[in-house]
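Trainee: Attaching a single structure in structure tokens format; questions to follow.
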Amino acid sequence: MSSTELPSVLAATVTPRVATVRVAEGERLRSVGLPGITLTVRSRPAAREGLPPALYVHGLGGSSQNWSALMPLLDGLVDSEALDLPGFGDSPPPDDGDYGVTGHARAVIRYLDAAGRGSVHLFGNSLGGAVATRVAAVRPDLVRTLTLVSPALPEIRVQRTAWPTALLAVPGVAGLFTRLTKDWNAEQRVRGVTALCYGDPGNVSPEGFREAVEEMERRLALPYFWDAMTRSARGIVNAYTLGGQHGLWRQAERVLAPTLLVYGGRDQLVGYRMAHRAARAFRDSRLLSLPEAGHVAMMEYPETVATAFRELLAESAESALPAVMGAGS
């Protein structure tokens, strides 16, 4: 454990005084207590009763805010909820300190089981894409469709620009990085993250950048910030090394839900070349390639992603129709 990492028990019992989380117009936040975890859930009021539920899972270092641009575009189509994974956003660390892909997947499953909303349209970005893949593979009853934006699935040749993130998993590196960057302010850190995650950082509005800086300042005040980042990065690396039935590619092959894959041509964290491998692995997949997008296409091109999801729903409904007619004949 590096000098900046806190024992999980200590981290889970700290309640720091930090700024409140931003809530966009039309959104609300609530806290959900479950065995071993407490999750913050961001939602929008359903446009009408009876809409199918959707759940959104963010990536490493992100939060439910990462879906705030996409969710309103799907009003009237789904009943949207986005959660903060344990240790991220406004969710405190898990009691057991498990930030692995399986640990995060267990948190998502635990929430879905407790919510009693039935199967959901599950969205995941980056780490959240790996988590969503595992959930869809082990609990197909919980997933109607799967939408993955730059999912963190294992790559043999990791891009050089992704190495700094992967190195966070190495013991001691988080402490070294913290010492080397101790003089960086929140604005400098956000500029670095934006340059890494966006295909064109100019797509971030001045208001969006200011809000991101405020959120970075809030997160840096959390005593478990680097611990959550480090352990989650380590969880991704560990998931990459798993083989057999627990390997993410093997689990991708087991996913039954119709799947939309979204890859950005300027993604510096997940290789664009992995798009076609993913399309082959998921048995019922559609591929949306966005040459100008980076790692967070749902934030850069939310309208395009929303349109692709609508098409996924339409195609899924059409494919299900013959089976329904056959059952009734």
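FYI, nothing fancy with the structure tokens labels: chains A, B, ... in order, residues from 1 per chain, ligands from 1 as they appear.
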Within 10 Å of Glu25 in chain A, counting only C-alpha atoms, which residues qualify if same-chain residues fewer than 6 places away don't, as an MDAnalysis selection string?

Mentor: chainID A and resid 44 68 72

Trainee: Just all heavy atoms for this one: save the residues we selected as a PDB file, in the first residue's frame.

Mentor:
```
ATOM      1  N   ARG A  44     -33.747  11.297 -13.384  1.00  0.00           N
ATOM      2  CA  ARG A  44     -34.627  12.289 -13.970  1.00  0.00           C
ATOM      3  C   ARG A  44     -36.059  11.786 -13.837  1.00  0.00           C
ATOM      4  O   ARG A  44     -36.292  10.571 -13.900  1.00  0.00           O
ATOM      5  CB  ARG A  44     -34.301  12.500 -15.460  1.00  0.00           C
ATOM      6  CG  ARG A  44     -32.917  13.085 -15.712  1.00  0.00           C
ATOM      7  CD  ARG A  44     -32.670  13.290 -17.205  1.00  0.00           C
ATOM      8  NE  ARG A  44     -33.674  14.157 -17.801  1.00  0.00           N
ATOM      9  CZ  ARG A  44     -33.628  15.495 -17.749  1.00  0.00           C
ATOM     10  NH1 ARG A  44     -32.632  16.095 -17.131  1.00  0.00           N
ATOM     11  NH2 ARG A  44     -34.571  16.224 -18.324  1.00  0.00           N
ATOM     12  N   SER A  68     -25.055  13.186 -17.781  1.00  0.00           N
ATOM     13  CA  SER A  68     -26.049  14.259 -17.728  1.00  0.00           C
ATOM     14  C   SER A  68     -26.376  14.851 -19.094  1.00  0.00           C
ATOM     15  O   SER A  68     -27.450  15.423 -19.277  1.00  0.00           O
ATOM     16  CB  SER A  68     -25.575  15.376 -16.781  1.00  0.00           C
ATOM     17  OG  SER A  68     -25.629  14.946 -15.438  1.00  0.00           O
ATOM     18  N   PRO A  72     -31.155  13.427 -20.733  1.00  0.00           N
ATOM     19  CA  PRO A  72     -32.351  14.162 -21.167  1.00  0.00           C
ATOM     20  C   PRO A  72     -32.740  13.887 -22.607  1.00  0.00           C
ATOM     21  O   PRO A  72     -33.903  14.052 -22.982  1.00  0.00           O
ATOM     22  CB  PRO A  72     -31.961  15.636 -20.958  1.00  0.00           C
ATOM     23  CG  PRO A  72     -30.482  15.647 -20.904  1.00  0.00           C
ATOM     24  CD  PRO A  72     -30.086  14.339 -20.308  1.00  0.00           C
TER      25      PRO A  72
END
```

Trainee: Using backbone DSSP assignments, extract all strand (DSSP E) residues from range 210-314 of chain A; output them as a ChimeraX atom specification.

Mentor: /A:259-264,285-290

Trainee: Export, as an mmCIF file, in the first residue's frame, the selected residues with all heavy atoms.

Mentor:
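Resulting contents of result.cif:
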```
data_model
loop_
_atom_site.group_PDB
_atom_site.id
_atom_site.type_symbol
_atom_site.label_atom_id
_atom_site.label_comp_id
_atom_site.auth_asym_id
_atom_site.auth_seq_id
_atom_site.Cartn_x
_atom_site.Cartn_y
_atom_site.Cartn_z
ATOM 1 N N THR A 259 -26.584 -5.510 -28.168
ATOM 2 C CA THR A 259 -25.508 -4.649 -27.680
ATOM 3 C C THR A 259 -25.140 -3.578 -28.698
ATOM 4 O O THR A 259 -24.961 -3.874 -29.887
ATOM 5 C CB THR A 259 -24.259 -5.495 -27.350
ATOM 6 O OG1 THR A 259 -24.601 -6.476 -26.366
ATOM 7 C CG2 THR A 259 -23.131 -4.625 -26.815
ATOM 8 N N LEU A 260 -25.021 -2.346 -28.214
ATOM 9 C CA LEU A 260 -24.517 -1.224 -29.012
ATOM 10 C C LEU A 260 -23.113 -0.893 -28.532
ATOM 11 O O LEU A 260 -22.895 -0.637 -27.346
ATOM 12 C CB LEU A 260 -25.431 -0.002 -28.859
ATOM 13 C CG LEU A 260 -24.908 1.308 -29.461
ATOM 14 C CD1 LEU A 260 -24.755 1.201 -30.975
ATOM 15 C CD2 LEU A 260 -25.834 2.475 -29.093
ATOM 16 N N LEU A 261 -22.154 -0.917 -29.447
ATOM 17 C CA LEU A 261 -20.760 -0.602 -29.138
ATOM 18 C C LEU A 261 -20.406 0.741 -29.753
ATOM 19 O O LEU A 261 -20.624 0.952 -30.955
ATOM 20 C CB LEU A 261 -19.835 -1.686 -29.684
ATOM 21 C CG LEU A 261 -20.091 -3.105 -29.155
ATOM 22 C CD1 LEU A 261 -19.402 -4.129 -30.046
ATOM 23 C CD2 LEU A 261 -19.605 -3.228 -27.716
ATOM 24 N N VAL A 262 -19.858 1.644 -28.949
ATOM 25 C CA VAL A 262 -19.492 2.980 -29.414
ATOM 26 C C VAL A 262 -17.998 3.184 -29.187
ATOM 27 O O VAL A 262 -17.520 3.092 -28.043
ATOM 28 C CB VAL A 262 -20.291 4.065 -28.667
ATOM 29 C CG1 VAL A 262 -19.948 5.452 -29.225
ATOM 30 C CG2 VAL A 262 -21.796 3.800 -28.762
ATOM 31 N N TYR A 263 -17.273 3.439 -30.268
ATOM 32 C CA TYR A 263 -15.826 3.645 -30.184
ATOM 33 C C TYR A 263 -15.441 4.952 -30.861
ATOM 34 O O TYR A 263 -15.996 5.307 -31.909
ATOM 35 C CB TYR A 263 -15.070 2.493 -30.859
ATOM 36 C CG TYR A 263 -14.963 1.247 -30.012
ATOM 37 C CD1 TYR A 263 -16.032 0.360 -29.911
ATOM 38 C CD2 TYR A 263 -13.809 0.976 -29.287
ATOM 39 C CE1 TYR A 263 -15.943 -0.787 -29.121
ATOM 40 C CE2 TYR A 263 -13.702 -0.170 -28.500
ATOM 41 C CZ TYR A 263 -14.773 -1.041 -28.420
ATOM 42 O OH TYR A 263 -14.679 -2.162 -27.634
ATOM 43 N N GLY A 264 -14.488 5.667 -30.244
ATOM 44 C CA GLY A 264 -14.001 6.928 -30.789
ATOM 45 C C GLY A 264 -12.662 6.772 -31.477
ATOM 46 O O GLY A 264 -11.750 6.119 -30.952
ATOM 47 N N SER A 285 -24.518 -7.644 -31.795
ATOM 48 C CA SER A 285 -23.935 -6.314 -31.624
ATOM 49 C C SER A 285 -24.149 -5.417 -32.831
ATOM 50 O O SER A 285 -24.327 -5.879 -33.964
ATOM 51 C CB SER A 285 -22.434 -6.425 -31.341
ATOM 52 O OG SER A 285 -21.749 -6.926 -32.480
ATOM 53 N N ARG A 286 -24.119 -4.116 -32.552
ATOM 54 C CA ARG A 286 -24.105 -3.080 -33.562
ATOM 55 C C ARG A 286 -22.951 -2.155 -33.199
ATOM 56 O O ARG A 286 -22.745 -1.844 -32.025
ATOM 57 C CB ARG A 286 -25.403 -2.266 -33.576
ATOM 58 C CG ARG A 286 -26.636 -3.107 -33.896
ATOM 59 C CD ARG A 286 -27.575 -3.091 -32.719
ATOM 60 N NE ARG A 286 -28.765 -3.899 -32.995
ATOM 61 C CZ ARG A 286 -28.975 -5.116 -32.507
ATOM 62 N NH1 ARG A 286 -28.058 -5.675 -31.725
ATOM 63 N NH2 ARG A 286 -30.065 -5.776 -32.785
ATOM 64 N N LEU A 287 -22.223 -1.664 -34.188
ATOM 65 C CA LEU A 287 -21.031 -0.855 -33.944
ATOM 66 C C LEU A 287 -21.232 0.562 -34.463
ATOM 67 O O LEU A 287 -21.579 0.759 -35.624
ATOM 68 C CB LEU A 287 -19.817 -1.493 -34.618
ATOM 69 C CG LEU A 287 -18.496 -0.713 -34.549
ATOM 70 C CD1 LEU A 287 -18.064 -0.508 -33.099
ATOM 71 C CD2 LEU A 287 -17.404 -1.437 -35.341
ATOM 72 N N LEU A 288 -21.033 1.533 -33.572
ATOM 73 C CA LEU A 288 -21.038 2.942 -33.944
ATOM 74 C C LEU A 288 -19.618 3.461 -33.827
ATOM 75 O O LEU A 288 -19.073 3.550 -32.723
ATOM 76 C CB LEU A 288 -21.976 3.733 -33.026
ATOM 77 C CG LEU A 288 -21.957 5.265 -33.197
ATOM 78 C CD1 LEU A 288 -22.399 5.657 -34.597
ATOM 79 C CD2 LEU A 288 -22.818 5.935 -32.132
ATOM 80 N N SER A 289 -19.007 3.785 -34.948
ATOM 81 C CA SER A 289 -17.650 4.327 -34.970
ATOM 82 C C SER A 289 -17.718 5.834 -35.178
ATOM 83 O O SER A 289 -18.343 6.307 -36.135
ATOM 84 C CB SER A 289 -16.829 3.692 -36.098
ATOM 85 O OG SER A 289 -16.678 2.299 -35.889
ATOM 86 N N LEU A 290 -17.084 6.574 -34.285
ATOM 87 C CA LEU A 290 -17.080 8.034 -34.360
ATOM 88 C C LEU A 290 -15.631 8.496 -34.495
ATOM 89 O O LEU A 290 -14.911 8.631 -33.506
ATOM 90 C CB LEU A 290 -17.720 8.627 -33.103
ATOM 91 C CG LEU A 290 -19.190 8.249 -32.863
ATOM 92 C CD1 LEU A 290 -19.678 8.788 -31.529
ATOM 93 C CD2 LEU A 290 -20.057 8.764 -33.995
#
```

Trainee: Determine, counting only C-alpha atoms, which protein, DNA and RNA residues have an atom within 8 Å of an atom of Phe88 in chain A; residues of the same chain fewer than 5 positions away are not included. Present the result as a list in words.

Mentor: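 Close residues of Phe88 in chain A: Gly61, Gly62, Ser63, Pro93, Phe225 and Ala228 of chain A.
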
Trainee: Go ahead and write the residues just picked, N, CA, C and O atoms, as a compact mmCIF listing (two decimals), in the first residue's frame.

Mentor:
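The file below, result15.txt, is the result:
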```txt
# COMPACT_ATOMS: atom_id res chain seq x y z
N GLY A 61 -12.56 7.41 -12.41
CA GLY A 61 -12.41 8.83 -12.13
C GLY A 61 -13.64 9.65 -12.46
O GLY A 61 -13.66 10.86 -12.23
N GLY A 62 -14.68 9.01 -13.03
CA GLY A 62 -15.88 9.72 -13.41
C GLY A 62 -16.94 9.67 -12.33
O GLY A 62 -16.69 9.35 -11.16
N SER A 63 -18.15 10.01 -12.74
CA SER A 63 -19.29 9.97 -11.82
C SER A 63 -20.56 9.93 -12.65
O SER A 63 -20.53 9.97 -13.89
N PRO A 93 -16.69 5.10 0.03
CA PRO A 93 -16.02 3.84 -0.28
C PRO A 93 -16.82 2.64 0.19
O PRO A 93 -17.59 2.73 1.15
N PHE A 225 -9.90 9.89 -2.21
CA PHE A 225 -9.90 10.10 -3.65
C PHE A 225 -8.85 9.23 -4.36
O PHE A 225 -9.16 8.46 -5.27
N ALA A 228 -9.40 5.36 -4.04
CA ALA A 228 -10.41 4.83 -4.96
C ALA A 228 -9.87 4.74 -6.38
O ALA A 228 -10.10 3.75 -7.10
```

Trainee: Env of Glu253 in chain A: 8 Å cut, atoms = only C-alpha atoms, seq-sep filter 2 positions within chain, self excluded. Answer as a PyMOL selection string.

Mentor: chain A and resi 249-251+255+281-283

Trainee: Compile the contact shell of Glu217 in chain A as a list in words: residues with an atom at most 12 Å away, counting only C-alpha atoms, same-chain residues fewer than 3 positions apart removed.

Mentor: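 Once the adjacent positions are removed, what remains is Val18, Ala19, Thr20, Val21, Trp184, Asn185, Ala186, Glu187, Gln188, Arg189, Val190, Arg210, Glu211, Ala212, Val213, Glu214, Leu220, Ala221, Leu222 and Phe225 of chain A.
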
Trainee: Mind pulling up the distance from CA of Tyr56 in chain A to CA of Gly87 in chain A?

Mentor: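 Straight-line distance from CA of Gly87 in chain A to CA of Tyr56 in chain A works out to 16.3 Å.
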
Trainee: State, in Å with one decimal place, the distance from CA of Arg42 in chain A to CA of Leu83 in chain A.

Mentor: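 Separation of CA of Arg42 in chain A and CA of Leu83 in chain A: 6.0 Å.
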
Trainee: By how many Å are CA of Ala278 in chain A and CA of Val108 in chain A apart?

Mentor: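 Computing the Euclidean distance for CA of Ala278 in chain A and CA of Val108 in chain A yields 22.3 Å.
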
Trainee: Calculated over only C-alpha atoms, which of the candidates A:His58, A:Arg48, A:Arg277, A:Arg219 has the smallest distance to Ser126 in chain A?

Mentor: A:His58

Trainee: From the list A:Gly208, A:Gly294, A:Gly265, A:Gly76, which residue is nearest Leu51 in chain A when using only C-alpha atoms?

Mentor: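 The shortest atom-to-atom distance to Leu51 in chain A comes from A:Gly76.
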
Trainee: A:Ala24, A:Met299, A:Val135, A:Ala306: which is nearest Ser119 in chain A, counting only C-alpha atoms?

Mentor: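 Going through A:Ala24, A:Met299, A:Val135, A:Ala306 one by one, the smallest distance to Ser119 in chain A is for A:Val135.
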
Trainee: Using only C-alpha atoms, which of the listed residues (A:Thr102, A:Ser80, A:Ser64, A:Thr147) sits closest to Arg117 in chain A?

Mentor: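 When distances to Arg117 in chain A are compared using only C-alpha atoms, the smallest one comes from A:Ser80.
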
Trainee: Between A:Thr40, A:Gln65, A:Ser91, A:Ser232, which residue has the minimum interatomic distance to Gly103 in chain A, considering only C-alpha atoms?

Mentor: A:Ser232

Trainee: Got a sec: who's within 7 Å of range 199-205 of chain A, counting only C-alpha atoms, leaving out chain neighbours fewer than 3 positions off, as a list of chain:residue names?

Mentor: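 Final neighbour list, sorted by chain and number: A:Thr194, A:Ala195, A:Gly208, A:Phe209, A:Arg266, A:Asp267, A:Glu292, A:Ala293, A:Gly294, A:Glu300.
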
Trainee: Write out, as a CSV table (one decimal), in the first residue's frame, the residues just selected, with C-alpha atoms.

Mentor:
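Resulting contents of out.csv:
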```csv
chain,number,residue,atom,x,y,z
A,194,THR,CA,-10.0,16.9,-20.9
A,195,ALA,CA,-7.0,16.6,-23.3
A,208,GLY,CA,-18.8,22.9,-18.6
A,209,PHE,CA,-15.1,23.5,-17.9
A,266,ARG,CA,-9.4,9.7,-31.2
A,267,ASP,CA,-9.7,7.6,-28.0
A,292,GLU,CA,-13.6,12.4,-34.2
A,293,ALA,CA,-14.6,11.3,-30.8
A,294,GLY,CA,-12.4,10.5,-27.8
A,300,GLU,CA,-18.9,14.8,-26.8
```

Trainee: Looking at only C-alpha atoms, which of A:Ile37, A:His121, A:His295, A:Leu242 is the one that sits closest to Ala152 in chain A?

Mentor: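 When distances to Ala152 in chain A are compared using only C-alpha atoms, the smallest one comes from A:His295.
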